[in-house]
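Undergrad: I'm passing along final.txt; it holds compact mmCIF, C-alpha atoms.
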# COMPACT_ATOMS: atom_id res chain seq x y z
CA MET F 1 72.54 71.54 129.07
CA ASN F 2 73.17 75.21 129.23
CA SER F 3 70.03 77.32 129.57
CA ILE F 4 71.73 80.62 128.81
CA ASN F 5 70.86 81.96 125.38
CA PHE F 6 74.03 83.16 123.70
CA ASP F 7 72.31 84.43 120.59
CA VAL F 8 72.54 88.10 121.48
CA HIS F 9 72.91 90.00 118.22
CA PRO F 10 70.04 91.64 116.36
CA PRO F 11 69.01 90.08 113.06
CA HIS F 12 70.24 91.87 109.97
CA LEU F 13 66.66 92.52 108.92
CA SER F 14 64.56 94.22 111.55
CA PRO F 15 61.73 95.90 109.62
CA GLU F 16 60.60 98.18 112.44
CA TYR F 17 63.95 99.88 111.88
CA LYS F 18 63.09 100.85 108.35
CA SER F 19 66.58 101.42 107.01
CA THR F 20 67.31 97.72 107.39
CA ILE F 21 64.76 96.80 104.73
CA PHE F 22 66.95 97.57 101.72
CA ARG F 23 70.30 97.27 103.46
CA SER F 24 70.26 93.79 104.95
CA PRO F 25 71.45 90.66 103.16
CA THR F 26 68.65 88.39 101.95
CA LYS F 27 70.74 85.30 101.26
CA PRO F 28 72.21 83.08 103.97
CA LEU F 29 75.62 84.17 105.20
CA MET F 30 78.49 81.87 104.36
CA ILE F 31 79.93 80.20 107.43
CA VAL F 32 83.67 80.65 106.98
CA ARG F 33 84.77 80.71 110.59
CA GLU F 34 87.67 78.33 110.10
CA HIS F 35 89.15 80.60 107.46
CA LEU F 36 89.09 83.75 109.55
CA GLN F 37 89.15 82.74 113.19
CA ASP F 38 92.91 83.07 113.49
CA LEU F 39 93.22 86.31 111.59
CA ARG F 40 94.62 88.91 113.93
CA MET F 41 93.86 92.60 113.79
CA PRO F 42 96.39 95.42 113.95
CA VAL F 43 97.45 96.39 117.45
CA PHE F 44 97.15 100.11 117.93
CA GLY F 45 99.39 101.76 120.49
CA GLU F 46 99.52 104.99 122.45
CA SER F 47 100.57 106.79 119.30
CA VAL F 48 96.97 106.89 118.08
CA LEU F 49 95.84 108.71 121.20
CA GLY F 50 95.74 112.46 121.68
CA LYS F 51 96.25 114.09 125.03
CA PHE F 52 92.59 114.34 126.02
CA ASP F 53 91.19 111.62 123.83
CA ASN F 54 89.58 109.93 126.81
CA ASP F 55 88.09 113.16 128.15
CA LEU F 56 85.38 114.56 125.91
CA THR F 57 84.79 117.38 128.38
CA LYS F 58 88.26 118.67 127.48
CA ASN F 59 89.21 117.51 124.02
CA ALA F 60 87.24 120.16 122.11
CA ARG F 61 87.20 123.15 124.40
CA VAL F 62 87.22 126.53 122.68
CA ASN F 63 86.17 129.07 125.27
CA GLY F 64 84.92 127.12 128.26
CA GLU F 65 83.48 123.87 129.51
CA PRO F 66 80.84 121.96 127.59
CA ILE F 67 77.32 122.28 128.94
CA GLY F 68 75.59 119.34 130.54
CA GLU F 69 75.93 116.62 133.13
CA ARG F 70 79.52 115.45 133.41
CA ILE F 71 79.78 111.66 133.70
CA LYS F 72 82.41 108.98 133.82
CA VAL F 73 81.96 105.82 131.76
CA ALA F 74 84.26 102.90 132.52
CA GLY F 75 84.44 99.16 132.26
CA ARG F 76 86.36 96.21 130.95
CA VAL F 77 86.74 94.66 127.55
CA MET F 78 87.01 90.88 127.58
CA ASP F 79 86.33 87.90 125.39
CA ASP F 80 83.45 85.58 126.09
CA THR F 81 85.60 83.34 128.24
CA GLY F 82 86.09 86.31 130.56
CA ARG F 83 89.69 86.87 129.55
CA PRO F 84 90.53 90.60 129.68
CA LEU F 85 91.69 92.09 126.39
CA SER F 86 94.46 94.66 126.64
CA ASN F 87 95.38 97.28 124.05
CA VAL F 88 91.93 97.22 122.52
CA LEU F 89 91.04 100.42 120.72
CA VAL F 90 87.71 101.77 121.94
CA GLU F 91 86.33 104.69 119.95
CA ILE F 92 83.22 106.56 121.01
CA TRP F 93 80.95 109.24 119.61
CA GLN F 94 77.74 110.80 120.79
CA ALA F 95 75.31 113.70 120.71
CA ASN F 96 75.80 116.64 123.06
CA SER F 97 73.67 117.26 126.15
CA ALA F 98 70.98 118.90 124.02
CA GLY F 99 70.69 115.83 121.80
CA ARG F 100 72.54 117.37 118.87
CA TYR F 101 75.24 115.66 116.84
CA ILE F 102 77.93 117.84 115.36
CA HIS F 103 77.68 115.85 112.12
CA LYS F 104 77.04 118.12 109.15
CA ALA F 105 74.09 116.09 107.91
CA GLU F 106 72.29 116.44 111.23
CA ILE F 107 69.15 118.58 110.92
CA HIS F 108 67.75 118.47 114.47
CA ASP F 109 67.55 122.11 115.59
CA ALA F 110 68.85 121.61 119.14
CA PRO F 111 71.90 123.81 119.80
CA LEU F 112 75.46 122.84 119.10
CA ASP F 113 77.91 123.27 121.95
CA PRO F 114 81.05 125.12 120.84
CA ASN F 115 83.05 123.29 123.49
CA PHE F 116 81.94 119.78 122.71
CA LEU F 117 82.76 117.59 119.74
CA GLY F 118 81.55 114.24 121.02
CA SER F 119 84.45 112.07 119.81
CA GLY F 120 86.92 110.15 121.91
CA ARG F 121 89.10 107.09 121.98
CA VAL F 122 90.94 105.07 124.54
CA LEU F 123 93.08 101.92 124.71
CA THR F 124 92.33 99.28 127.31
CA ASP F 125 95.02 98.67 129.91
CA SER F 126 96.68 95.37 130.81
CA GLU F 127 93.53 94.25 132.63
CA GLY F 128 91.21 95.24 129.83
CA ARG F 129 89.99 98.38 131.58
CA TYR F 130 89.00 101.62 129.93
CA ALA F 131 87.50 104.86 131.23
CA PHE F 132 86.47 108.16 129.81
CA TYR F 133 84.78 111.34 130.90
CA THR F 134 82.06 112.93 128.88
CA ILE F 135 78.78 114.82 129.01
CA LYS F 136 75.60 112.80 129.26
CA PRO F 137 74.07 112.80 125.78
CA GLY F 138 70.52 114.00 125.23
CA ALA F 139 67.73 112.20 123.39
CA TYR F 140 67.07 113.27 119.83
CA PRO F 141 64.36 112.79 117.23
CA TRP F 142 64.86 110.84 114.01
CA GLY F 143 62.84 110.07 110.95
CA ASN F 144 62.11 106.38 111.28
CA HIS F 145 58.43 106.92 112.11
CA TYR F 146 56.15 109.62 113.48
CA ASN F 147 57.48 111.06 116.76
CA ALA F 148 60.50 108.77 116.80
CA TRP F 149 63.15 109.50 119.45
CA ARG F 150 66.38 107.72 120.20
CA PRO F 151 67.10 106.92 123.85
CA ASN F 152 70.21 108.57 125.28
CA HIS F 153 73.16 106.59 124.03
CA ILE F 154 76.88 106.59 123.35
CA HIS F 155 78.20 104.88 120.22
CA PHE F 156 81.11 102.46 120.70
CA SER F 157 83.49 101.03 118.13
CA VAL F 158 85.75 98.30 119.49
CA LEU F 159 88.74 96.79 117.66
CA GLY F 160 89.65 93.56 119.39
CA HIS F 161 92.66 91.37 118.78
CA GLN F 162 91.05 89.13 116.20
CA PHE F 163 89.20 89.87 113.00
CA ASP F 164 86.04 88.40 114.51
CA GLN F 165 86.34 90.65 117.55
CA ARG F 166 85.18 93.77 115.75
CA LEU F 167 82.17 95.29 117.45
CA VAL F 168 80.16 98.44 116.84
CA THR F 169 77.42 99.00 119.38
CA GLN F 170 75.59 101.57 121.47
CA MET F 171 75.56 102.00 125.24
CA TYR F 172 72.32 103.06 126.85
CA PHE F 173 71.51 104.48 130.28
CA PRO F 174 69.46 102.68 132.93
CA GLY F 175 65.73 103.30 133.10
CA ASP F 176 65.33 105.19 129.84
CA PRO F 177 61.60 105.55 129.08
CA LEU F 178 62.33 105.46 125.35
CA PHE F 179 63.54 101.84 125.32
CA ALA F 180 60.04 100.58 124.61
CA TYR F 181 59.69 102.83 121.57
CA ASP F 182 63.10 102.51 119.96
CA PRO F 183 63.30 99.97 117.13
CA ILE F 184 67.10 99.91 117.22
CA PHE F 185 67.24 98.95 120.89
CA GLN F 186 64.25 96.66 120.36
CA SER F 187 65.98 94.88 117.47
CA THR F 188 68.12 93.12 120.07
CA PRO F 189 66.73 89.81 121.37
CA VAL F 190 64.71 90.49 124.53
CA HIS F 191 67.01 88.52 126.80
CA ALA F 192 70.09 90.40 125.59
CA ARG F 193 68.88 93.99 125.80
CA GLU F 194 70.16 94.39 129.34
CA LEU F 195 73.68 93.85 127.99
CA LEU F 196 73.46 97.20 126.21
CA ILE F 197 72.54 99.16 129.33
CA ALA F 198 75.27 100.65 131.50
CA ARG F 199 75.03 100.14 135.24
CA PHE F 200 75.11 103.16 137.53
CA SER F 201 78.10 102.81 139.85
CA MET F 202 78.16 104.64 143.15
CA ASP F 203 81.58 103.13 143.84
CA TRP F 204 83.10 104.78 140.80
CA THR F 205 81.16 108.04 141.17
CA GLU F 206 83.61 110.82 141.91
CA PRO F 207 82.61 113.15 144.78
CA GLU F 208 81.87 116.71 143.73
CA PHE F 209 82.67 115.77 140.13
CA ALA F 210 80.83 113.13 138.12
CA LEU F 211 78.36 110.26 138.30
CA ALA F 212 79.81 107.02 136.99
CA TYR F 213 78.44 104.29 134.76
CA GLU F 214 79.93 100.85 134.23
CA PHE F 215 79.72 99.32 130.78
CA ASN F 216 81.54 96.05 130.20
CA ILE F 217 82.12 94.85 126.67
CA VAL F 218 82.31 91.19 125.80
CA LEU F 219 83.70 90.23 122.40
CA ASN F 220 83.64 87.01 120.49
CA GLY F 221 85.99 84.44 122.04
CA ARG F 222 88.99 83.27 120.13
CA TYR F 223 88.43 79.63 120.76
CA GLN F 224 84.83 78.94 120.08
CA THR F 225 83.24 75.63 120.74
CA PRO F 226 79.96 74.56 119.26
CA PHE F 227 76.92 74.47 121.49
CA GLU F 228 74.19 71.98 121.90
CA MET U 1 84.12 76.40 130.45
CA GLU U 2 82.09 79.31 131.65
CA ARG U 3 81.06 81.55 128.84
CA LEU U 4 79.84 85.12 128.96
CA ARG U 5 77.23 86.54 126.67
CA GLN U 6 78.69 88.89 124.08
CA THR U 7 77.75 92.53 123.93
CA PRO U 8 75.10 92.80 121.21
CA SER U 9 75.86 94.70 118.05
CA GLN U 10 74.01 97.92 117.19
CA THR U 11 74.05 100.07 114.10
CA VAL U 12 76.87 102.56 113.53
CA GLY U 13 74.12 105.06 112.65
CA PRO U 14 74.43 107.93 110.20
CA PHE U 15 76.65 110.22 112.28
CA PHE U 16 79.92 108.35 112.79
CA ALA U 17 82.08 110.55 110.59
CA TYR U 18 83.28 113.12 113.13
CA SER U 19 84.77 110.32 115.17
CA LEU U 20 85.72 107.39 112.94
CA THR U 21 86.62 109.24 109.72
CA ALA U 22 87.09 112.79 110.98
CA VAL U 23 89.93 113.90 108.73
CA GLN U 24 88.23 112.65 105.56
CA TYR U 25 85.05 114.56 106.42
CA GLY U 26 86.82 117.71 107.60
CA TYR U 27 86.11 117.58 111.32
CA ALA U 28 88.54 118.97 113.87
CA TYR U 29 89.71 115.58 115.07
CA ASP U 30 92.31 113.11 113.88
CA SER U 31 91.89 109.62 112.44
CA ILE U 32 93.56 106.31 113.17
CA ALA U 33 93.39 105.23 109.53
CA ASN U 34 92.25 106.54 106.19
CA HIS U 35 92.08 105.63 102.51
CA THR U 36 95.83 105.66 101.93
CA LEU U 37 97.65 102.57 103.12
CA ILE U 38 100.95 103.26 101.42
CA GLY U 39 103.87 105.61 101.76
CA PRO U 40 106.52 106.62 99.25
CA ASP U 41 108.66 103.57 100.00
CA THR U 42 106.06 100.84 100.42
CA PRO U 43 107.22 97.75 98.53
CA GLY U 44 104.80 96.12 96.14
CA GLU U 45 102.58 96.84 93.19
CA ARG U 46 100.67 100.04 93.77
CA ILE U 47 97.00 99.74 93.08
CA PHE U 48 93.79 101.54 93.85
CA ILE U 49 90.57 99.89 94.90
CA THR U 50 87.29 101.54 94.03
CA GLY U 51 83.72 100.49 94.48
CA ARG U 52 80.29 101.31 95.71
CA ILE U 53 77.92 99.81 98.20
CA LEU U 54 74.51 99.40 96.61
CA ASP U 55 71.27 98.92 98.51
CA GLY U 56 68.32 96.75 97.53
CA GLN U 57 66.97 99.47 95.27
CA GLY U 58 70.25 99.90 93.48
CA ASN U 59 71.09 103.17 95.17
CA PRO U 60 74.66 103.80 96.29
CA VAL U 61 74.89 104.01 100.08
CA PRO U 62 76.41 107.38 101.04
CA ASP U 63 76.66 106.83 104.79
CA ALA U 64 78.57 103.59 105.13
CA ILE U 65 81.97 103.04 106.63
CA ILE U 66 84.24 100.48 105.04
CA GLU U 67 87.30 98.98 106.66
CA ILE U 68 89.89 96.93 104.83
CA TRP U 69 92.56 94.68 106.30
CA GLN U 70 95.15 93.08 104.10
CA ALA U 71 98.55 91.45 103.97
CA ASP U 72 101.58 93.17 102.50
CA SER U 73 103.03 92.41 99.08
CA GLU U 74 104.67 89.25 100.40
CA GLY U 75 101.55 87.91 102.01
CA ASN U 76 102.39 88.89 105.58
CA TYR U 77 99.85 90.42 107.91
CA ARG U 78 101.14 93.09 110.20
CA THR U 79 101.29 91.75 113.74
CA ALA U 80 103.85 94.00 115.44
CA PRO U 81 102.20 96.75 117.49
CA ILE U 82 101.83 100.05 115.68
CA SER U 83 104.02 102.84 116.98
CA ALA U 84 104.36 106.54 116.36
CA ALA U 85 107.41 105.82 114.20
CA ASP U 86 105.21 103.79 111.87
CA HIS U 87 103.01 106.79 111.29
CA ASP U 88 105.97 109.03 110.62
CA SER U 89 107.60 106.60 108.22
CA HIS U 90 104.34 105.53 106.52
CA GLU U 91 105.14 101.94 107.38
CA PHE U 92 102.68 99.61 105.68
CA ILE U 93 100.12 98.44 108.19
CA GLY U 94 97.41 97.12 105.92
CA PHE U 95 94.43 98.65 107.68
CA GLY U 96 92.28 101.24 105.93
CA ARG U 97 89.05 102.98 106.83
CA LEU U 98 86.84 105.20 104.73
CA GLY U 99 83.35 106.65 104.74
CA THR U 100 81.32 106.68 101.53
CA GLY U 101 79.99 110.20 102.07
CA THR U 102 82.65 112.42 100.52
CA GLN U 103 82.94 111.30 96.91
CA PRO U 104 80.36 111.83 94.14
CA GLY U 105 78.26 108.72 93.67
CA ALA U 106 79.24 107.42 97.11
CA VAL U 107 82.31 105.78 95.62
CA PHE U 108 85.02 104.52 97.92
CA ARG U 109 88.65 104.53 96.89
CA PHE U 110 91.66 103.10 98.66
CA ASP U 111 95.27 103.51 97.61
CA THR U 112 97.24 100.45 98.58
CA ILE U 113 99.45 97.68 97.26
CA LYS U 114 98.34 94.36 95.93
CA PRO U 115 98.62 91.82 98.73
CA GLY U 116 100.68 88.70 98.20
CA ARG U 117 99.38 85.19 98.59
CA VAL U 118 98.95 84.52 102.27
CA ARG U 119 100.67 81.39 103.43
CA SER U 120 100.78 80.06 106.96
CA GLY U 121 103.28 79.30 109.65
CA ARG U 122 106.27 81.38 108.67
CA VAL U 123 107.94 83.91 110.89
CA ARG U 124 109.87 86.73 109.38
CA SER U 125 111.42 89.83 110.89
CA GLY U 126 109.09 89.92 113.84
CA ARG U 127 106.02 89.27 111.82
CA VAL U 128 104.25 86.07 112.47
CA ARG U 129 102.17 84.79 109.66
CA SER U 130 98.64 84.76 110.72
CA GLY U 131 98.04 81.31 112.12
CA SER U 132 95.94 79.16 109.91
CA VAL U 133 94.86 81.71 107.37
CA THR U 134 94.32 79.10 104.80
CA PRO U 135 97.39 77.77 103.02
CA GLY U 136 97.29 78.71 99.40
CA ALA U 137 94.84 81.54 99.86
CA ALA U 138 94.65 83.73 96.80
CA PRO U 139 95.57 87.40 97.22
CA HIS U 140 92.64 89.08 98.90
CA ILE U 141 91.52 91.98 101.03
CA ASN U 142 89.22 91.53 104.01
CA ILE U 143 86.30 93.95 104.09
CA THR U 144 84.12 94.97 107.01
CA LEU U 145 81.11 97.23 106.46
CA PHE U 146 79.04 99.27 108.86
CA MET U 147 76.18 101.56 107.96
CA ARG U 148 72.91 103.08 109.02
CA GLY U 149 70.33 100.36 108.52
CA SER U 150 72.83 97.63 109.29
CA LEU U 151 72.50 96.29 112.81
CA ARG U 152 75.70 94.30 112.70
CA ALA U 153 78.95 94.21 110.80
CA LEU U 154 78.95 92.80 107.29
CA TYR U 155 82.06 90.82 106.39
CA THR U 156 83.22 89.98 102.93
CA ARG U 157 86.40 89.73 100.86
CA LEU U 158 87.79 91.19 97.70
CA TYR U 159 89.70 88.93 95.32
CA PHE U 160 91.39 89.94 92.08
CA ALA U 161 90.11 89.00 88.63
CA ASP U 162 93.63 88.71 87.22
CA GLU U 163 94.56 86.02 89.76
CA ALA U 164 92.40 83.35 88.20
CA ALA U 165 94.83 80.51 88.88
CA ALA U 166 95.25 81.44 92.53
CA ASN U 167 91.52 82.00 92.91
CA GLU U 168 90.94 78.49 91.62
CA GLN U 169 93.01 77.14 94.52
CA ASP U 170 91.52 79.35 97.22
CA SER U 171 89.79 77.24 99.83
CA LEU U 172 87.35 79.94 100.92
CA LEU U 173 86.28 80.73 97.38
CA ALA U 174 85.87 77.01 96.81
CA MET U 175 83.15 76.92 99.48
CA ILE U 176 81.06 79.46 97.62
CA PRO U 177 78.66 78.33 94.92
CA THR U 178 80.18 79.09 91.53
CA ASP U 179 77.46 81.50 90.49
CA ARG U 180 78.08 83.71 93.51
CA ARG U 181 81.89 83.71 93.52
CA THR U 182 82.00 86.57 91.07
CA THR U 183 80.47 88.85 93.70
CA LEU U 184 83.84 88.82 95.49
CA ILE U 185 86.08 89.31 92.48
CA ALA U 186 87.16 92.83 91.63
CA THR U 187 87.66 93.67 87.97
CA ALA U 188 90.91 95.18 86.79
CA VAL U 189 90.69 98.75 85.55
CA GLN U 190 93.29 101.07 84.09
CA SER U 191 93.32 104.76 84.70
CA ALA U 192 95.75 107.64 84.47
CA ALA U 193 96.50 106.96 88.12
CA GLY U 194 97.74 103.47 87.30
CA PRO U 195 96.30 100.01 87.72
CA GLY U 196 93.33 99.48 89.93
CA TYR U 197 90.42 97.22 90.71
CA HIS U 198 86.74 97.88 91.06
CA LEU U 199 84.19 96.00 93.12
CA ASP U 200 80.60 96.97 93.72
CA ILE U 201 79.14 95.46 96.86
CA HIS U 202 75.47 94.59 96.49
CA LEU U 203 73.56 94.34 99.75
CA GLN U 204 70.63 92.62 98.06
CA GLY U 205 69.36 91.48 94.68
CA ASP U 206 70.46 89.14 91.90
CA GLN U 207 74.07 90.11 92.39
CA GLU U 208 73.96 90.08 96.18
CA THR U 209 77.48 89.93 97.57
CA VAL U 210 78.45 86.91 99.58
CA PHE U 211 78.74 87.97 103.20
CA PHE U 212 80.35 85.89 105.90
CA ASP U 213 79.18 84.55 109.21
CA LEU U 214 82.14 84.59 111.57
I need this file expressed as structure tokens, please.

TA:
Amino acid sequence: MNSINFDVHPPHLSPEYKSTIFRSPTKPLMIVREHLQDLRMPVFGESVLGKFDNDLTKNARVNGEPIGERIKVAGRVMDDTGRPLSNVLVEIWQANSAGRYIHKAEIHDAPLDPNFLGSGRVLTDSEGRYAFYTIKPGAYPWGNHYNAWRPNHIHFSVLGHQFDQRLVTQMYFPGDPLFAYDPIFQSTPVHARELLIARFSMDWTEPEFALAYEFNIVLNGRYQTPFE
Amino acid sequence: MERLRQTPSQTVGPFFAYSLTAVQYGYAYDSIANHTLIGPDTPGERIFITGRILDGQGNPVPDAIIEIWQADSEGNYRTAPISAADHDSHEFIGFGRLGTGTQPGAVFRFDTIKPGRVRSGRVRSGRVRSGSVTPGAAPHINITLFMRGSLRALYTRLYFADEAAANEQDSLLAMIPTDRRTTLIATAVQSAAGPGYHLDIHLQGDQETVFFDL
């Protein structure tokens, strides 16, 4: 018997996160794994990467450096058997250090940073590793409920090798006091929430330059076996 | 075998556009894919695909991102790595990505070619047919949706109404109760721009789309 609980994903309907109420399926999903488990995804190459795509402190500079705490975020992408996945496209986006997204529909009145866009992408190397530099994102308010604030987070979109290895998630920072109040973070099963939190890494911290956080990403395995 | 716990899914949120669909939304960043899957020389029947994503109150969702992944006109999925030359030559890849926030009524529209019937096991010019994608599958397009208010990806498929005979033989469609199969079948439409297909995706309600558990 295996005591580890592998059911890590949030339910589609999580009413505390109000937008799920009218946007989540109400009927049971069709289990069609055998029809799609061998469907591969396109393999993106270096040609999709710009020069500073993995350095958000540089890829949108206009007249100087972006404001805020420079950090490094790095880790490995693997499947759930621990096999590293190379050439996986990892796309990220985030708010700036003031907690402001550059998105045009954003109404939070924190300042934009003319030297920071908040978008990046990177391909994993032959051992599944990725790394990027960015500015630590700030917290920001949202309209879900009175005095609602999102914890600091970086959005990740990951295109694995297989159709069922497509993941969109958010990386959080250790010790955030907003975890307890955030219905999106809280939608995740209790035992799995730690998997969304990056680990501070002194080993990877670069002297005189940037604190480092490790965030490993585990995707659906290609060869799944049923569990008891 | 030791097994690791997967990284949990979280919502894409409302503000993905400046990263995932930057060109479409007019941000100063490039995009890995967009709504046009074809170039001037792409073989196959040119079609457009339109549709909307409708929430449980019948409102079109204007902040969703839709990805499509399809075979070429002969039923082959692209497996060779994508290179810069492919971008320059508009080589057909079969992957499209679009946000629903730039067109009136939150309509999505892809310009592509009608995929062929996907068979299995054949190798041709460096393209390996995708493993066991069911023999005899009717022409179809795989759809993945992400949106604010959705905590994990929603997977579905688009089939074509004018492929009734092939649809009858499709082993995935056959698993779906008859009264819900129509939620996956796009209707043929004609416009000045040529032949196309339309499929509304209903997140809830009487016409709720069949979504897949992978």

Undergrad: Using all atoms listed in the file, find the one residue out of F:Val77, F:Val48, F:Ile31, F:Ile92 that sits nearest to His161 (chain F).

TA: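 Among F:Val77, F:Val48, F:Ile31, F:Ile92, it is F:Val77 that comes nearest to His161 (chain F).
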
Undergrad: With 8 Å as the cut-off and all atoms listed in the file counted, what is the closest atom pair between each nearby residue of chain U and chain F? Distances in Å to one decimal, ordered by chain and number, as a Markdown table.

TA:
| residue | atom | partner | partner_atom | distance |
| --- | --- | --- | --- | --- |
| U:Met1 | CA | F:Thr81 | CA | 7.4 |
| U:Glu2 | CA | F:Thr81 | CA | 6.3 |
| U:Arg3 | CA | F:Thr81 | CA | 4.9 |
| U:Leu4 | CA | F:Asp80 | CA | 4.6 |
| U:Arg5 | CA | F:Phe6 | CA | 5.5 |
| U:Gln6 | CA | F:Val218 | CA | 4.6 |
| U:Thr7 | CA | F:Val218 | CA | 5.1 |
| U:Pro8 | CA | F:His9 | CA | 4.6 |
| U:Ser9 | CA | F:Thr169 | CA | 4.8 |
| U:Gln10 | CA | F:Thr169 | CA | 4.2 |
| U:Thr11 | CA | F:Thr169 | CA | 6.4 |
| U:Val12 | CA | F:Val168 | CA | 6.2 |
| U:Phe15 | CA | F:His103 | CA | 5.7 |
| U:Phe16 | CA | F:Trp93 | CA | 7.0 |
| U:Ala17 | CA | F:His103 | CA | 7.1 |
| U:Tyr18 | CA | F:His103 | CA | 6.3 |
| U:Ser19 | CA | F:Ser119 | CA | 5.0 |
| U:Leu20 | CA | F:Glu91 | CA | 7.5 |
| U:Tyr29 | CA | F:Ser119 | CA | 7.9 |
| U:Ile32 | CA | F:Val48 | CA | 6.0 |
| U:Asp55 | CA | F:Arg23 | CA | 5.3 |
| U:Gly56 | CA | F:Phe22 | CA | 4.5 |
| U:Gln57 | CA | F:Phe22 | CA | 6.7 |
| U:Trp69 | CA | F:Met41 | CA | 7.9 |
| U:Arg78 | CA | F:Pro42 | CA | 6.5 |
| U:Thr79 | CA | F:Pro42 | CA | 6.1 |
| U:Ala80 | CA | F:Val43 | CA | 7.1 |
| U:Pro81 | CA | F:Val43 | CA | 4.8 |
| U:Ile82 | CA | F:Phe44 | CA | 5.2 |
| U:Ser83 | CA | F:Ser47 | CA | 5.7 |
| U:Ala84 | CA | F:Ser47 | CA | 4.8 |
| U:Ile93 | CA | F:Pro42 | CA | 7.5 |
| U:Phe95 | CA | F:Pro42 | CA | 7.3 |
| U:Ser130 | CA | F:Leu39 | CA | 5.7 |
| U:Gly131 | CA | F:Asp38 | CA | 5.6 |
| U:Ser132 | CA | F:Asp38 | CA | 6.1 |
| U:Val133 | CA | F:His35 | CA | 5.8 |
| U:Thr134 | CA | F:His35 | CA | 6.0 |
| U:Arg148 | CA | F:Ser19 | CA | 6.8 |
| U:Gly149 | CA | F:Thr20 | CA | 4.2 |
| U:Ser150 | CA | F:Thr20 | CA | 5.8 |
| U:Leu151 | CA | F:His12 | CA | 5.7 |
| U:Arg152 | CA | F:His12 | CA | 6.6 |
| U:Ala153 | CA | F:Leu167 | CA | 7.5 |
| U:Leu172 | CA | F:His35 | CA | 6.8 |
| U:Ile176 | CA | F:Met30 | CA | 7.6 |
| U:Leu203 | CA | F:Pro25 | CA | 5.4 |
| U:Gln204 | CA | F:Pro25 | CA | 5.5 |
| U:Gly205 | CA | F:Thr26 | CA | 7.9 |
| U:Glu208 | CA | F:Pro25 | CA | 7.4 |
| U:Val210 | CA | F:Leu29 | CA | 6.9 |
| U:Phe211 | CA | F:Leu29 | CA | 5.3 |
| U:Phe212 | CA | F:Met30 | CA | 4.7 |
| U:Asp213 | CA | F:Ile31 | CA | 4.8 |
| U:Leu214 | CA | F:Arg33 | CA | 4.8 |

Undergrad: With C-alpha atoms retained, export the selected residues as a short mmCIF file (atom, residue, chain, number, x, y, z; two decimals), in the coordinates of the input.

TA:
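Saved result, selection04.cif, follows:
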data_model
loop_
_atom_site.label_atom_id
_atom_site.label_comp_id
_atom_site.auth_asym_id
_atom_site.auth_seq_id
_atom_site.Cartn_x
_atom_site.Cartn_y
_atom_site.Cartn_z
CA MET U 1 84.12 76.40 130.45
CA GLU U 2 82.09 79.31 131.65
CA ARG U 3 81.06 81.55 128.84
CA LEU U 4 79.84 85.12 128.96
CA ARG U 5 77.23 86.54 126.67
CA GLN U 6 78.69 88.89 124.08
CA THR U 7 77.75 92.53 123.93
CA PRO U 8 75.10 92.80 121.21
CA SER U 9 75.86 94.70 118.05
CA GLN U 10 74.01 97.92 117.19
CA THR U 11 74.05 100.07 114.10
CA VAL U 12 76.87 102.56 113.53
CA PHE U 15 76.65 110.22 112.28
CA PHE U 16 79.92 108.35 112.79
CA ALA U 17 82.08 110.55 110.59
CA TYR U 18 83.28 113.12 113.13
CA SER U 19 84.77 110.32 115.17
CA LEU U 20 85.72 107.39 112.94
CA TYR U 29 89.71 115.58 115.07
CA ILE U 32 93.56 106.31 113.17
CA ASP U 55 71.27 98.92 98.51
CA GLY U 56 68.32 96.75 97.53
CA GLN U 57 66.97 99.47 95.27
CA TRP U 69 92.56 94.68 106.30
CA ARG U 78 101.14 93.09 110.20
CA THR U 79 101.29 91.75 113.74
CA ALA U 80 103.85 94.00 115.44
CA PRO U 81 102.20 96.75 117.49
CA ILE U 82 101.83 100.05 115.68
CA SER U 83 104.02 102.84 116.98
CA ALA U 84 104.36 106.54 116.36
CA ILE U 93 100.12 98.44 108.19
CA PHE U 95 94.43 98.65 107.68
CA SER U 130 98.64 84.76 110.72
CA GLY U 131 98.04 81.31 112.12
CA SER U 132 95.94 79.16 109.91
CA VAL U 133 94.86 81.71 107.37
CA THR U 134 94.32 79.10 104.80
CA ARG U 148 72.91 103.08 109.02
CA GLY U 149 70.33 100.36 108.52
CA SER U 150 72.83 97.63 109.29
CA LEU U 151 72.50 96.29 112.81
CA ARG U 152 75.70 94.30 112.70
CA ALA U 153 78.95 94.21 110.80
CA LEU U 172 87.35 79.94 100.92
CA ILE U 176 81.06 79.46 97.62
CA LEU U 203 73.56 94.34 99.75
CA GLN U 204 70.63 92.62 98.06
CA GLY U 205 69.36 91.48 94.68
CA GLU U 208 73.96 90.08 96.18
CA VAL U 210 78.45 86.91 99.58
CA PHE U 211 78.74 87.97 103.20
CA PHE U 212 80.35 85.89 105.90
CA ASP U 213 79.18 84.55 109.21
CA LEU U 214 82.14 84.59 111.57
#

Undergrad: Taking only C-alpha atoms into account, which of F:Thr134, F:Ser97, F:Ser201, F:Thr57 comes nearest Lys72 (chain F)?

TA: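 Among the listed residues, the smallest separation from Lys72 (chain F) belongs to F:Thr134.
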
Undergrad: If you count all atoms listed in the file, which residues fall within 8 Å of region 180-183 of chain F, apart from same-chain ones fewer than 3 positions away, as a PDB file with C-alpha atoms, keeping the file's coordinate frame?

TA:
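Listed below is the output, selection-v9.pdb:
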ATOM      1  CA  GLU F  16      60.600  98.180 112.440  1.00  0.00           C
ATOM      2  CA  TYR F  17      63.950  99.880 111.880  1.00  0.00           C
ATOM      3  CA  ALA F 148      60.500 108.770 116.800  1.00  0.00           C
ATOM      4  CA  TRP F 149      63.150 109.500 119.450  1.00  0.00           C
ATOM      5  CA  ARG F 150      66.380 107.720 120.200  1.00  0.00           C
ATOM      6  CA  PRO F 151      67.100 106.920 123.850  1.00  0.00           C
ATOM      7  CA  PRO F 177      61.600 105.550 129.080  1.00  0.00           C
ATOM      8  CA  GLN F 186      64.250  96.660 120.360  1.00  0.00           C
ATOM      9  CA  SER F 187      65.980  94.880 117.470  1.00  0.00           C
TER      10      SER F 187
END
